[in-house]
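work.txt, holding compact mmCIF, C-alpha atoms:
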```txt
# COMPACT_ATOMS: atom_id res chain seq x y z
CA MET A 1 59.13 44.45 18.20
CA SER A 2 55.95 43.12 19.75
CA LEU A 3 52.89 45.30 19.43
CA SER A 4 50.69 43.08 21.57
CA TRP A 5 50.53 45.81 24.25
CA MET A 6 48.50 47.85 21.79
CA ALA A 7 45.81 45.14 21.93
CA TRP A 8 45.30 45.01 18.16
CA THR A 9 42.20 43.43 16.64
CA TRP A 10 41.52 42.77 12.96
CA PRO A 11 38.65 45.28 12.67
CA THR A 12 40.69 48.09 14.23
CA ALA A 13 43.73 47.17 12.10
CA VAL A 14 41.58 47.34 8.96
CA PHE A 15 40.14 50.66 10.13
CA PHE A 16 43.56 52.23 10.64
CA LEU A 17 44.91 50.77 7.40
CA ALA A 18 41.96 52.32 5.60
CA ILE A 19 42.70 55.69 7.22
CA ALA A 20 46.39 55.38 6.29
CA ALA A 21 45.46 54.43 2.72
CA ILE A 22 43.10 57.42 2.45
CA LEU A 23 45.81 59.78 3.75
CA THR A 24 48.34 58.31 1.30
CA VAL A 25 45.96 58.74 -1.62
CA MET A 26 45.21 62.28 -0.52
CA GLY A 27 48.95 63.01 -0.26
CA VAL A 28 49.64 61.65 -3.74
CA LEU A 29 46.63 63.52 -5.13
CA HIS A 30 47.90 66.72 -3.58
CA ALA A 31 51.32 66.22 -5.12
CA LEU A 32 49.84 65.54 -8.57
CA HIS A 33 46.90 67.94 -8.45
CA PRO A 34 47.30 70.51 -5.66
CA SER A 35 43.99 71.27 -4.00
CA VAL A 36 42.38 74.65 -4.59
CA ALA A 37 40.26 76.20 -1.85
CA ARG A 38 36.61 76.77 -2.70
CA VAL A 39 33.56 77.99 -0.85
CA GLY A 40 30.69 75.53 -0.77
CA PHE A 41 27.44 75.20 1.16
CA LEU A 42 29.26 75.51 4.49
CA GLY A 43 30.14 79.10 3.60
CA ILE A 44 33.82 78.63 4.42
CA ALA A 45 36.81 78.07 2.18
CA THR A 46 37.68 74.36 2.22
CA GLN A 47 40.51 72.40 0.63
CA ARG A 48 40.41 68.70 -0.15
CA GLY A 49 41.97 67.89 3.23
CA ASP A 50 39.35 69.96 5.08
CA ARG A 51 36.60 68.08 3.29
CA LEU A 52 38.21 64.76 4.23
CA PHE A 53 38.48 65.86 7.86
CA LEU A 54 34.82 66.91 7.90
CA SER A 55 33.83 63.65 6.23
CA LEU A 56 35.66 61.53 8.82
CA LEU A 57 34.50 63.59 11.79
CA GLY A 58 30.91 63.69 10.55
CA SER A 59 30.97 59.95 9.84
CA ALA A 60 32.07 59.30 13.41
CA PHE A 61 29.09 61.27 14.74
CA ILE A 62 26.71 59.62 12.24
CA THR A 63 27.90 56.20 13.42
CA LEU A 64 27.50 57.14 17.07
CA ALA A 65 24.05 58.59 16.44
CA TRP A 66 23.03 55.44 14.58
CA LEU A 67 24.36 53.27 17.38
CA GLY A 68 22.48 55.23 20.03
CA LEU A 69 19.21 55.78 18.15
CA VAL A 70 18.85 52.74 15.88
CA GLY A 71 20.99 49.86 17.09
CA PRO A 72 24.28 48.00 16.84
CA ASN A 73 23.94 47.02 13.16
CA LEU A 74 26.20 49.68 11.68
CA TRP A 75 26.21 48.77 7.97
CA TRP A 76 23.50 51.32 7.19
CA ALA A 77 25.42 53.88 9.23
CA LEU A 78 28.37 53.18 6.93
CA VAL A 79 26.16 53.76 3.86
CA VAL A 80 24.84 57.04 5.31
CA SER A 81 28.42 58.07 6.16
CA LEU A 82 29.60 57.36 2.60
CA VAL A 83 26.72 59.41 1.16
CA TYR A 84 27.55 62.19 3.61
CA ALA A 85 31.26 62.04 2.67
CA ALA A 86 30.39 62.16 -1.05
CA ALA A 87 28.19 65.21 -0.41
CA MET A 88 30.98 66.90 1.53
CA PHE A 89 33.50 66.32 -1.24
CA ARG A 90 31.09 67.46 -3.92
CA TRP A 91 29.39 70.47 -2.37
CA ALA A 92 31.22 71.57 0.83
CA MET H 1 57.27 83.77 -12.79
CA GLU H 2 55.64 80.61 -11.49
CA LYS H 3 55.93 80.06 -7.75
CA ARG H 4 56.95 76.58 -6.63
CA GLU H 5 56.43 75.09 -3.20
CA ASN H 6 59.57 73.84 -1.48
CA GLN H 7 58.68 70.25 -0.60
CA LYS H 8 61.88 69.88 1.41
CA ALA H 9 60.15 71.82 4.16
CA TRP H 10 58.31 68.60 5.00
CA LEU H 11 61.61 67.15 6.24
CA MET H 12 61.87 69.95 8.76
CA ILE H 13 58.65 68.90 10.46
CA LEU H 14 59.61 65.22 10.57
CA PRO H 15 60.85 65.39 14.21
CA VAL H 16 57.51 66.85 15.27
CA VAL H 17 55.67 64.12 13.38
CA VAL H 18 57.71 61.46 15.21
CA VAL H 19 57.09 63.07 18.62
CA VAL H 20 53.36 63.44 17.92
CA ALA H 21 53.22 59.84 16.70
CA PHE H 22 54.66 58.54 19.96
CA SER H 23 52.84 60.94 22.27
CA ALA H 24 49.44 61.09 20.60
CA ILE H 25 48.80 58.88 17.58
CA ILE H 26 50.01 55.54 18.97
CA PRO H 27 48.25 56.06 22.33
CA LEU H 28 45.10 57.06 20.45
CA MET H 29 45.29 53.92 18.31
CA THR H 30 45.69 51.86 21.48
CA VAL H 31 42.62 53.53 23.00
CA VAL H 32 40.63 52.67 19.86
CA ASN H 33 41.81 49.05 20.19
CA TYR H 34 40.79 48.98 23.85
CA SER H 35 37.38 50.47 23.07
CA VAL H 36 36.25 47.38 21.15
CA GLN H 37 37.47 44.85 23.70
CA ASP H 38 36.77 43.76 27.26
CA ILE H 39 40.18 43.86 28.89
CA PHE H 40 40.79 41.45 31.78
CA GLY H 41 44.60 41.46 31.64
CA PRO H 42 47.56 42.10 29.30
CA ASN H 43 46.86 38.95 27.28
CA ASP H 44 43.33 38.26 28.36
CA ARG H 45 40.79 40.21 26.35
CA VAL H 46 37.57 39.59 24.41
CA PHE H 47 36.36 41.42 21.29
CA VAL H 48 33.00 43.04 22.02
CA GLY H 49 32.50 45.26 18.94
CA ALA H 50 30.58 48.46 19.63
CA ASP H 51 29.18 47.29 23.00
CA TRP H 52 31.23 49.76 25.02
CA PHE H 53 30.11 52.63 22.83
CA LEU H 54 26.50 51.55 23.31
CA ALA H 55 27.10 51.39 27.06
CA VAL H 56 28.60 54.88 27.03
CA LEU H 57 25.73 56.30 24.95
CA ASN H 58 23.23 54.85 27.45
CA ASP H 59 25.23 55.84 30.53
CA ARG H 60 23.00 58.21 32.52
CA ARG H 61 25.89 59.40 34.69
CA LEU H 62 27.85 60.33 31.60
CA HIS H 63 24.91 62.31 30.23
CA GLU H 64 24.70 64.14 33.54
CA ALA H 65 28.45 64.79 33.52
CA LEU H 66 28.20 66.13 29.95
CA LEU H 67 25.36 68.48 30.92
CA ARG H 68 27.35 69.63 33.96
CA GLN H 69 30.34 70.21 31.72
CA PHE H 70 28.38 72.38 29.27
CA LEU H 71 26.75 74.28 32.16
CA PHE H 72 30.14 74.87 33.75
CA SER H 73 31.71 76.07 30.48
CA ALA H 74 28.69 78.33 29.77
CA LEU H 75 28.89 79.88 33.25
CA VAL H 76 32.62 80.39 32.86
CA LEU H 77 32.11 82.31 29.62
CA VAL H 78 29.09 84.28 30.83
CA ILE H 79 30.92 85.46 33.97
CA GLU H 80 34.59 85.68 32.96
CA VAL H 81 34.34 87.45 29.61
CA PRO H 82 32.20 90.47 30.63
CA LEU H 83 34.04 90.71 33.97
CA GLY H 84 37.41 90.55 32.23
CA VAL H 85 36.41 93.31 29.79
CA LEU H 86 35.09 95.49 32.65
CA ILE H 87 38.33 95.12 34.60
CA ALA H 88 40.40 95.81 31.46
CA LEU H 89 38.38 98.99 30.85
CA ALA H 90 38.96 100.10 34.43
CA MET H 91 42.70 99.46 34.36
CA PRO H 92 45.15 102.37 34.23
CA ARG H 93 46.58 103.19 30.79
CA LYS H 94 49.95 104.67 31.79
CA GLY H 95 52.41 105.07 34.64
CA ILE H 96 53.71 102.61 37.20
CA ALA H 97 50.16 101.57 38.05
CA VAL H 98 50.06 99.64 34.74
CA SER H 99 52.97 97.35 35.68
CA PHE H 100 51.61 96.94 39.19
CA SER H 101 48.14 95.96 37.91
CA LEU H 102 49.50 93.55 35.33
CA VAL H 103 51.73 91.74 37.84
CA LEU H 104 48.89 91.56 40.35
CA LEU H 105 46.53 90.16 37.73
CA ALA H 106 49.03 87.61 36.49
CA LEU H 107 49.62 86.10 39.94
CA PRO H 108 46.68 83.62 39.92
CA LEU H 109 47.78 82.41 36.48
CA LEU H 110 51.20 81.46 37.85
CA ILE H 111 49.94 79.16 40.61
CA PRO H 112 49.90 75.41 39.80
CA TRP H 113 46.40 74.09 39.24
CA ASN H 114 46.36 71.55 42.06
CA VAL H 115 47.64 74.23 44.47
CA ILE H 116 44.70 76.43 43.44
CA GLY H 117 42.33 73.68 44.59
CA THR H 118 44.14 73.33 47.91
CA ILE H 119 44.12 77.09 48.50
CA TRP H 120 40.36 77.22 47.97
CA ILE H 121 39.69 74.16 50.15
CA ILE H 122 41.36 75.94 53.05
CA PHE H 123 39.91 79.36 52.15
CA THR H 124 36.30 78.08 52.16
CA ARG H 125 36.45 75.67 55.11
CA PRO H 126 33.66 76.59 57.55
CA ASP H 127 35.87 76.07 60.61
CA ILE H 128 39.23 77.67 59.74
CA GLY H 129 38.80 79.19 56.26
CA LEU H 130 38.63 82.96 56.04
CA LEU H 131 35.74 82.98 53.55
CA GLY H 132 33.89 79.92 54.88
CA HIS H 133 34.12 81.03 58.50
CA THR H 134 33.08 84.61 57.67
CA ILE H 135 30.00 83.50 55.70
CA ASN H 136 28.95 81.12 58.46
CA SER H 137 29.48 83.86 61.06
CA LEU H 138 26.95 85.95 59.16
CA GLY H 139 24.37 83.25 59.81
CA ILE H 140 24.50 81.81 56.27
CA SER H 141 25.18 78.08 56.24
CA PHE H 142 28.03 77.45 53.81
CA ASP H 143 29.90 74.16 53.38
CA HIS H 144 31.12 73.09 49.95
CA THR H 145 31.72 69.52 51.16
CA ALA H 146 28.06 69.03 52.10
CA SER H 147 25.97 71.20 49.77
CA PRO H 148 26.08 70.81 45.96
CA PHE H 149 25.04 74.47 45.55
CA ASP H 150 27.86 75.63 47.81
CA ALA H 151 30.27 73.36 45.94
CA TRP H 152 29.29 74.98 42.63
CA ILE H 153 29.56 78.48 44.12
CA THR H 154 33.05 77.67 45.42
CA LEU H 155 34.06 76.10 42.14
CA MET H 156 32.87 79.09 40.12
CA LEU H 157 34.55 81.56 42.50
CA MET H 158 37.79 79.61 42.20
CA GLU H 159 37.55 79.39 38.43
CA VAL H 160 36.71 83.09 38.04
CA TRP H 161 39.54 84.09 40.39
CA HIS H 162 41.97 81.83 38.56
CA TRP H 163 41.18 82.57 34.93
CA THR H 164 39.49 85.97 34.62
CA PRO H 165 42.98 87.59 34.62
CA LEU H 166 43.69 85.87 31.32
CA VAL H 167 40.63 87.53 29.77
CA VAL H 168 41.67 90.84 31.34
CA LEU H 169 45.19 90.64 29.92
CA LEU H 170 43.91 89.80 26.44
CA ALA H 171 41.21 92.51 26.52
CA TYR H 172 43.73 95.01 27.86
CA ALA H 173 46.11 94.21 25.02
CA GLY H 174 43.23 94.78 22.59
CA LEU H 175 42.37 98.12 24.18
CA LYS H 176 45.99 99.30 24.17
CA ALA H 177 46.20 98.59 20.45
CA ILE H 178 43.44 101.08 19.59
CA PRO H 179 45.02 104.27 18.13
CA ASP H 180 44.26 107.55 19.90
CA ALA H 181 42.84 108.94 16.67
CA TYR H 182 39.69 106.85 17.17
CA TYR H 183 39.08 108.39 20.60
CA GLN H 184 39.81 111.89 19.28
CA ALA H 185 37.27 111.41 16.48
CA ALA H 186 34.72 110.12 19.00
CA ARG H 187 35.28 113.18 21.22
CA ILE H 188 34.78 115.52 18.25
CA ASP H 189 31.53 113.71 17.43
CA GLY H 190 30.39 114.03 21.05
CA ALA H 191 30.17 110.28 21.58
CA SER H 192 29.20 109.04 25.04
CA ALA H 193 31.30 106.51 26.97
CA TRP H 194 28.84 103.80 25.95
CA ASP H 195 29.11 104.83 22.26
CA VAL H 196 32.91 104.65 22.47
CA PHE H 197 32.68 101.18 23.97
CA ARG H 198 29.99 99.94 21.57
CA TYR H 199 31.36 101.34 18.32
CA ILE H 200 35.13 101.55 18.90
CA GLN H 201 36.44 99.42 21.75
CA LEU H 202 34.24 96.35 21.37
CA PRO H 203 34.75 95.96 17.58
CA LYS H 204 38.49 96.53 18.00
CA MET H 205 38.65 93.88 20.73
CA ARG H 206 36.81 91.33 18.58
CA GLY H 207 39.95 89.35 17.74
CA VAL H 208 41.36 89.08 21.24
CA LEU H 209 37.94 88.41 22.74
CA THR H 210 37.38 85.56 20.31
CA ILE H 211 40.71 84.07 21.36
CA ALA H 212 39.78 84.55 25.02
CA ILE H 213 36.42 82.86 24.51
CA LEU H 214 37.97 79.94 22.66
CA LEU H 215 40.71 79.42 25.22
CA ARG H 216 38.35 79.66 28.15
CA PHE H 217 35.83 77.31 26.56
CA MET H 218 38.43 74.65 25.76
CA ASP H 219 40.14 74.94 29.15
CA SER H 220 36.90 74.79 31.08
CA PHE H 221 35.62 71.91 28.95
CA LEU H 222 38.74 69.86 29.74
CA ILE H 223 39.03 70.93 33.39
CA TYR H 224 40.20 68.28 35.82
CA ALA H 225 42.76 69.26 38.48
CA GLU H 226 41.01 72.12 40.30
CA PRO H 227 37.56 70.50 40.84
CA PHE H 228 39.19 67.15 41.58
CA VAL H 229 41.30 68.67 44.34
CA LEU H 230 38.51 70.94 45.63
CA THR H 231 35.53 68.59 45.67
CA GLY H 232 36.67 65.24 44.25
CA GLY H 233 33.52 65.37 42.09
CA GLY H 234 31.16 65.67 45.06
CA PRO H 235 29.12 66.07 47.10
CA GLY H 236 27.53 63.00 45.47
CA ASN H 237 28.25 63.53 41.79
CA SER H 238 27.29 67.20 41.72
CA THR H 239 30.67 68.42 40.45
CA THR H 240 31.70 65.31 38.54
CA PHE H 241 32.73 66.62 35.13
CA LEU H 242 33.65 64.54 32.11
CA SER H 243 37.36 64.23 32.88
CA ILE H 244 36.73 63.33 36.53
CA TYR H 245 34.20 60.69 35.51
CA LEU H 246 36.63 59.36 32.93
CA VAL H 247 39.38 58.97 35.54
CA LYS H 248 36.93 57.25 37.90
CA LEU H 249 36.10 54.74 35.16
CA ALA H 250 39.66 54.12 33.98
CA VAL H 251 41.66 54.30 37.21
CA GLY H 252 39.04 53.83 39.94
CA GLN H 253 37.10 50.96 38.41
CA PHE H 254 39.80 49.81 35.95
CA ASP H 255 37.02 49.63 33.35
CA LEU H 256 39.39 50.15 30.42
CA GLY H 257 37.06 49.29 27.52
CA HIS H 258 34.31 51.55 28.83
CA ALA H 259 36.80 54.34 29.58
CA ALA H 260 38.38 53.97 26.12
CA ALA H 261 35.00 54.28 24.34
CA PHE H 262 34.19 57.28 26.53
CA SER H 263 37.60 58.84 25.73
CA ILE H 264 36.98 58.54 22.00
CA ILE H 265 33.57 60.23 22.24
CA TYR H 266 35.06 62.94 24.47
CA PHE H 267 37.88 63.37 21.95
CA LEU H 268 35.42 63.67 19.07
CA ILE H 269 33.44 66.37 20.90
CA VAL H 270 36.65 68.31 21.61
CA LEU H 271 37.77 67.83 18.00
CA LEU H 272 34.45 69.18 16.70
CA PHE H 273 34.63 72.28 18.87
CA SER H 274 38.32 72.77 18.05
CA TRP H 275 37.46 72.78 14.37
CA ILE H 276 34.60 75.23 14.85
CA PHE H 277 36.84 77.52 16.89
CA TYR H 278 39.68 77.15 14.43
CA GLN H 279 37.37 78.29 11.64
CA ALA H 280 36.16 81.18 13.78
CA LEU H 281 39.74 82.21 14.52
CA ASN H 282 40.68 82.02 10.85
CA THR H 283 37.96 84.46 9.92
CA ILE H 284 39.15 87.08 12.43
CA GLY H 285 40.46 90.10 10.67
CA THR H 286 39.60 88.78 7.23
CA GLY H 287 36.33 90.68 7.13
CA ASP H 288 34.39 87.43 6.58
CA ARG H 289 31.00 87.41 8.32
CA ARG H 290 29.28 84.11 8.64
```
Written form, structure tokens:
Amino acid sequence: MSLSWMAWTWPTAVFFLAIAAILTVMGVLHALHPSVARVGFLGIATQRGDRLFLSLLGSAFITLAWLGLVGPNLWWALVVSLVYAAAMFRWA
Amino acid sequence: MEKRENQKAWLMILPVVVVVAFSAIIPLMTVVNYSVQDIFGPNDRVFVGADWFLAVLNDRRLHEALLRQFLFSALVLVIEVPLGVLIALAMPRKGIAVSFSLVLLALPLLIPWNVIGTIWIIFTRPDIGLLGHTINSLGISFDHTASPFDAWITLMLMEVWHWTPLVVLLAYAGLKAIPDAYYQAARIDGASAWDVFRYIQLPKMRGVLTIAILLRFMDSFLIYAEPFVLTGGGPGNSTTFLSIYLVKLAVGQFDLGHAAAFSIIYFLIVLLFSWIFYQALNTIGTGDRR
């Protein structure tokens, strides 16, 4: 089955593989160590999956903000996103 | 006794996962792929990285469309929610009048969206439309095809006429669910009509009103058919909302990369608000105050 109609590129393939890998790891983690909801600095009860969702969504906005305000070199945006994701997982 | 989750339940949702994959995930992945390329043809495309996103972020017309979209959604909420509550409060509580009112209110909700636009085009035409002709006969110049202000007025009238009944039905359901004992207690305490509304009806309607606000915000934020049929985004770009601008880019100009990057940003905004609203909905009735 040809997937050329989806117009794949290497960067987008790597991006989606990374997302799939993260979801797989999260699924396995949930099976081994079920997530327990906790209330962090957001003031709402979050599970591991919620924190992942917030990390990904926030990272998307960080990247867009970086692109619009700083420029097209997005490596630092990735670093900021990783720090943000770590903070979400630790304290959210 | 320890409770165990039944993991076999996951199998039951497999058909939904497959449907969602084909209807949403694969198209979304394709849009992401398009957003980083300049597409000239099925096999003729060039990788451009984040250029389309940069173009979208610096697109003045998109900024204007986004502002229009927020203004439209804000006006929808500011007008429809209080009006819906007022109508619900004024509605009869028993007898045949209840059924009659409910059917009458539900009628606009049953009309297809593109038909709504057509109805209002004819209704507001200055030459043959009942409303347009009447306003012009009074000496007030009114033409939604020529004046941006008139176009907005017509659009808001149409939107309020179409969707306020939904708020009314939800608010009415909330009011009907309040036990009589509350009203009896209020009467004994000598509470005024305003006190009853402020301290009994409004708090008791909190859940349904939150749902109404969420639904109306999301619907108005994604609106396409009615303004497209009524004004086509004009006059000029005065009623060009995000979805109309997106269709112009993707279908009108066949600017697929640009439209794909725009779609992703639009999707992220909707996703953010959906999450906020989902959290708000989850707290309803739990007693959580944030």
Listing only residues of stretch 8-81 of chain A within 10 Å of stretch 33-37 of chain H, what is the closest atom pair and its distance in Å (to one decimal) for each, using all atoms listed in the file, sorted by chain and residue number ascending, as a Markdown table?
```
| residue | atom | partner | partner_atom | distance |
| --- | --- | --- | --- | --- |
| A:Trp8 | CA | H:Asn33 | CA | 5.7 |
| A:Thr9 | CA | H:Asn33 | CA | 6.7 |
| A:Trp10 | CA | H:Asn33 | CA | 9.6 |
| A:Pro11 | CA | H:Asn33 | CA | 9.0 |
| A:Thr12 | CA | H:Asn33 | CA | 6.1 |
| A:Ala13 | CA | H:Asn33 | CA | 8.5 |
```
Skip stretch 50-53 of chain A itself and residues of its chain fewer than 4 positions away, then list as a PyMOL selection string all residues within 10 Å of it, counting all atoms listed in the file. (chain A and resi 22-23+26+37+45-46+57-59+85-92) or (chain H and resi 275)
For each of A:Leu56, A:Leu69, A:Leu29, A:Met6, take the minimum atom-to-atom distance to H:Leu272, counting only C-alpha atoms, then give the residue where this is smallest. A:Leu56
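In this model, the gap between atom CA of H:Val48 and atom CA of H:Lys248 comes to 21.7 Å.
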Using only C-alpha atoms, find each residue of chain H with at least one atom at most 9 Å away from an atom of chain A; report its shortest atom-to-atom pair and that distance in Å (one decimal), sort the rows by chain and rising residue number, and return the result as a tab-separated table.
```
residue	atom	partner	partner_atom	distance
H:Ile26	CA	A:Met6	CA	8.3
H:Pro27	CA	A:Met6	CA	8.2
H:Met29	CA	A:Met6	CA	7.7
H:Thr30	CA	A:Met6	CA	4.9
H:Val31	CA	A:Met6	CA	8.3
H:Val32	CA	A:Thr12	CA	7.3
H:Asn33	CA	A:Trp8	CA	5.7
H:Tyr34	CA	A:Ala7	CA	6.6
H:Val36	CA	A:Thr12	CA	8.3
H:Gln37	CA	A:Ala7	CA	8.5
H:Pro42	CA	A:Trp5	CA	6.9
H:Asn43	CA	A:Ser4	CA	8.0
H:Arg45	CA	A:Ala7	CA	8.3
H:Phe47	CA	A:Thr9	CA	7.7
H:Gly49	CA	A:Pro11	CA	8.8
H:Ala50	CA	A:Pro72	CA	6.9
H:Asp51	CA	A:Pro72	CA	7.9
H:Phe53	CA	A:Leu64	CA	7.8
H:Leu54	CA	A:Gly68	CA	6.4
H:Leu57	CA	A:Gly68	CA	6.0
H:Asn58	CA	A:Gly68	CA	7.5
H:Ile265	CA	A:Leu64	CA	8.6
H:Leu268	CA	A:Leu57	CA	7.3
H:Leu271	CA	A:Leu57	CA	8.2
H:Leu272	CA	A:Leu57	CA	7.4
H:Gln279	CA	A:Ile44	CA	8.1
H:Arg290	CA	A:Gly43	CA	7.2
```
Local residues around (37.7, 65.7, 38.0), at most 10 Å away, using only C-alpha atoms, as a PyMOL selection string: chain H and resi 222-234+239-248
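The interatomic distance for the pair atom CA of H:Gly190 and atom CA of H:Pro82 works out to 25.5 Å.
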Please measure the separation of atom CA of H:Leu214 and atom CA of H:Phe277, giving the value in Å to one decimal.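 Calculated distance between atom CA of H:Leu214 and atom CA of H:Phe277 is 6.4 Å.
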Would you be able to write out as a count of residues only which residues have an atom within 9 Å of (28.4, 56.8, 6.2) in the file's coordinates, counting all atoms listed in the file? 17
Might you pull out every residue within 8 Å of stretch 197-201 of chain H, with all atoms listed in the file counted and same-chain residues fewer than 5 positions away left off, and present them as a PyMOL selection string? chain H and resi 175+178+182
Write out as a list in words which residues come within 12 Å of H:Ile121 when counting all atoms listed in the file, dropping same-chain ones fewer than 5 positions away.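 Residues near the query, excluding close chain neighbours: Asn114, Val115, Ile116, Pro126, Asp127, Ile128, Gly129, Leu130, Leu131, Gly132, Asp143, His144, Thr145, Ala151, Thr154, Leu155, Leu157, Met158, Glu226, Pro227, Phe228, Val229, Leu230, Thr231 and Gly232 of chain H.
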